[in-house]
Each structure stands twice: as structure tokens, then as C-alpha cells.
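Below is one structure, written out as C-alpha cells; comments come after it.
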Amino acid sequence: MTPPAEATDSRVAIVTGASRGIGRSIATRLASDGHHVVLVARSAGPLEELAAEIKAAGGAACAVPCDLSDGDAVTAMVEGVASDHGRLDVLVNNAGITRDGLMLRMSDEDFDEVLNVNLRSIFIACRAAARPMMRGRFGRMINISSVTGLIGNPGQANYAAAKAGIIGMTKTIAKEFASKGVTANVVAPGFIETEMTEALGSAVLEEAAKRIPLKRLGQGDDIAHAVSYLASEGAGYVTGQVLTVDGGMVC
Ligand code: NAP
């Protein structure tokens, strides 16, 4: 059960992986754009803290803990939000994990887990979101992929498969729901400074920054700006697109 709605006149936006990193930046940005933001991740504490921060800044948000590796829980979460708020306008599928390893040593479990959290959960969330969005004749599905899904990366066969899968699936969703006022787009980040990339170590990140044409790593806000645009009224004629936000790495 999600908490009772607080701002049903506002557009309602679900952001997964909102407890930290890129998702936190996206949620903060969508709240300042005027959305009631539903914050989703497994850890309740950071979600509650972010909801309090957004409310203190005059925005509207609530925390809805959910483990996206559980498909039934994903469906229940999305349907619960739509029913509690009487609407669902924006779905940002941002949560993701890595289980890196060179292919010859990658276990079936590590492949399946990454596909389950990074791709299957997005299919389930988009499927559940489609009906309430069609009812409202407005919808913005925004799925966070990666440049790895476009160009591959050694040690990330599982992650690259999921991130490339997001692109094909989103283009299909775009075609299936375009006539209903529902758009679906992908944002593909490059190297963004978060806990996920921190694990690579500072030497790797410094090297990466040198190879990026804009000569810096990205920040969560760089991705949040792109999502904010795709979620906006003004992006209504943009669907099935991949917006790469990577400082020029893939161009
Ligand atoms: P992060 O700092 O590791 O954050 C991941 C988020 O996903 C957390 O909020 C985490 O919260 C949530 N999450 C993980 N597993 C979950 C599950 N089973 N159920 C619900 N929530 C779950 O990652 P990030 O760097 O911000 O990345 C965000 C997205 O951008 C990911 O899809 C990632 O693949 C993509 N991306 C990142 C980069 C980059 O350079 N950072 C580049 C390209 C693409 P809990 O742990 O509390 O569940």
C-alpha cells in the first residue's frame, strides 16, 4: 500500500532507484518541476529522507519501498500508485545494478540477476503503467539505459544485454502507445559520478575523464535535465528516441 496522495492535481511521477545517485537527482528535479514524485528503491530510510527534503523545499513526494527483482511487487507498486493518486503521468525506470565479470567467468546467476533487475522489471513496470497513462491520455515513460547498451564494454555482457534490450523494448513501447498520448524514450548516460562508478576507482575514472570530449565525468543533474525535458509537455512529439548524455563519448 502506498501512502495517501497529497497532491493529486499535480502530475504523478514514479522514479525508481531514487535512494541515491542518478535517481535521486532525477527525483529532485521532477519535484522542482512540479510533479508529485513517488520515490522507489529497496531501502526505506534514504527514500524517507529524500521525501522530507523535497517537502521541506515546497515539493510533493512519498516513499514507496519496493524490490524490483520481484515482478509481482513491481506490478502491485505501479498499480497501487495509480490507484492511490488517481493518476500516473510519468514513469522513470532508473534503478539498475552491475554484476561485472569477463564472459568466460560470468555465472548464469549473475547474468539472470542483472537481466531481471535491469530489464524485466522495466517491462513489468511499463506494462502496469500503460493503462493508467492511457486513461489519462498522457504518459511519459523514460527508461535509463547506458552507453554500454550502444557500444558494449568488456566485463559487462549481462549489463550490456539488459541496457541494449531496454532500447529495443522502448522503441516498441513507443510504437504501441503513440496513438494514446503516451511517449517512451531512453536516456543513455556515459560515465556519471555515483556509487556505481565509484567502485571503479579514481585511477580508472581519471583516465575515463581524459577520453571524454567534454573532459569531465557527468553528474546526476546532467541526466536529470534530460529526463526533465522528456517528461515535459513540450516533449510530446518526441518518442522512441535514445538521448545519449555522455559528454560526447559516443558520437
Ligand atoms: P547507484 O548509485 O548504484 O543507484 C542504484 C539505485 O537503484 C539505488 O537507488 C538502489 O537502491 C536501486 N536499486 C538497485 N537494485 C534495486 C532493486 N532490486 N529494487 C529496487 N531498487 C533497486 O546507480 P546509479 O549510478 O545512480 O545508476 C542509476 C541508473 O543509471 C542505473 O540503471 C545505471 O545502470 C544507469 N547508468 C549509470 C551510469 C553511471 O555512470 N553511474 C552510466 C550509465 C548508466 P537500493 O539499493 O536502496 O534498492
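Here's how to read the names in the C-alpha cells: chain A, B, ... by the order shown, residue numbers from 1 in each chain, ligand numbers from 1 in the order shown.
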
Applying 12 Å and only C-alpha atoms, which residues near Ala208 (chain A) remain after dropping the ones on its own chain fewer than 6 positions away? List them as a list of chain:residue names.
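So, after excluding close chain neighbours, the residues are A:Gly190, A:Phe191, A:Ile192, A:Glu193, A:Thr197, A:Leu200, A:Gly201, A:Ser202, A:Leu214, A:Lys215, A:Arg216, A:Leu217, A:Gly218, A:Asp246, A:Gly247, A:Met249.
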
List all protein, DNA and RNA residues that have an atom no more than 7 Å from any atom of ligand 1, counting only C-alpha atoms and all ligand atoms, and report them as a ChimeraX atom specification.
/A:16-23,40-43,66-69,94-97,117-118,144-147,188-197

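Excluding Glu53 (chain A) and any residue on its chain fewer than 5 positions from it, the residues at most 12 Å away by only C-alpha atoms are Arg24, Ala27, Thr28, Ala31, Ser32, Pro46, Leu47, Glu48, Gly58, Gly59, Ala60, Ala61, Cys62 and Ala63 of chain A.
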
Apply DSSP to the backbone of this structure and, from region 40-143 of chain A, keep only the residues in helix (DSSP H, G or I); write these as an MDAnalysis selection string.
chainID A and resid 44:56 71:85 103:105 108:136

Extract, using only C-alpha atoms, all DNA, RNA and protein residues at most 12 Å from Ile14 (chain A), discarding same-chain residues fewer than 5 positions from it, and format them as a PyMOL selection string.
chain A and resi 2+23-24+26-28+30-31+35-41+61-66+74+77-82+85+87-95+125-126+129+139-143+231

Can you pull out the residues contacting region 135-137 of chain A? Cut-off 6 Å, using only C-alpha atoms, and skip same-chain residues under 3 positions away; I want them as a PyMOL selection string.
chain A and resi 132+180-181

Restricting it to C-alpha atoms, dump the selection as a JSON list (two decimals), in the first residue's frame.
```json
[["chain", "number", "residue", "atom", "x", "y", "z"],
["A", 132, "PRO", "CA", -3.47, 4.47, -16.17],
["A", 180, "LYS", "CA", -2.74, 7.14, -26.87],
["A", 181, "GLY", "CA", -0.66, 10.19, -25.95]]
```

Tell me which protein, DNA and RNA residues are within 6 Å of region 150-164 of chain A, counting only C-alpha atoms, leaving out same-chain ones fewer than 6 positions away, and put them as a ChimeraX atom specification.
/A:100-102,111,115,118-119

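Secondary structure from DSSP on the backbone puts strand (DSSP E) at the following positions of region 28-126 of chain A: His36, Val37, Val38, Leu39, Val40, Ala60, Ala61, Cys62, Ala63, Val90, Leu91, Val92 and Asn93 of chain A.
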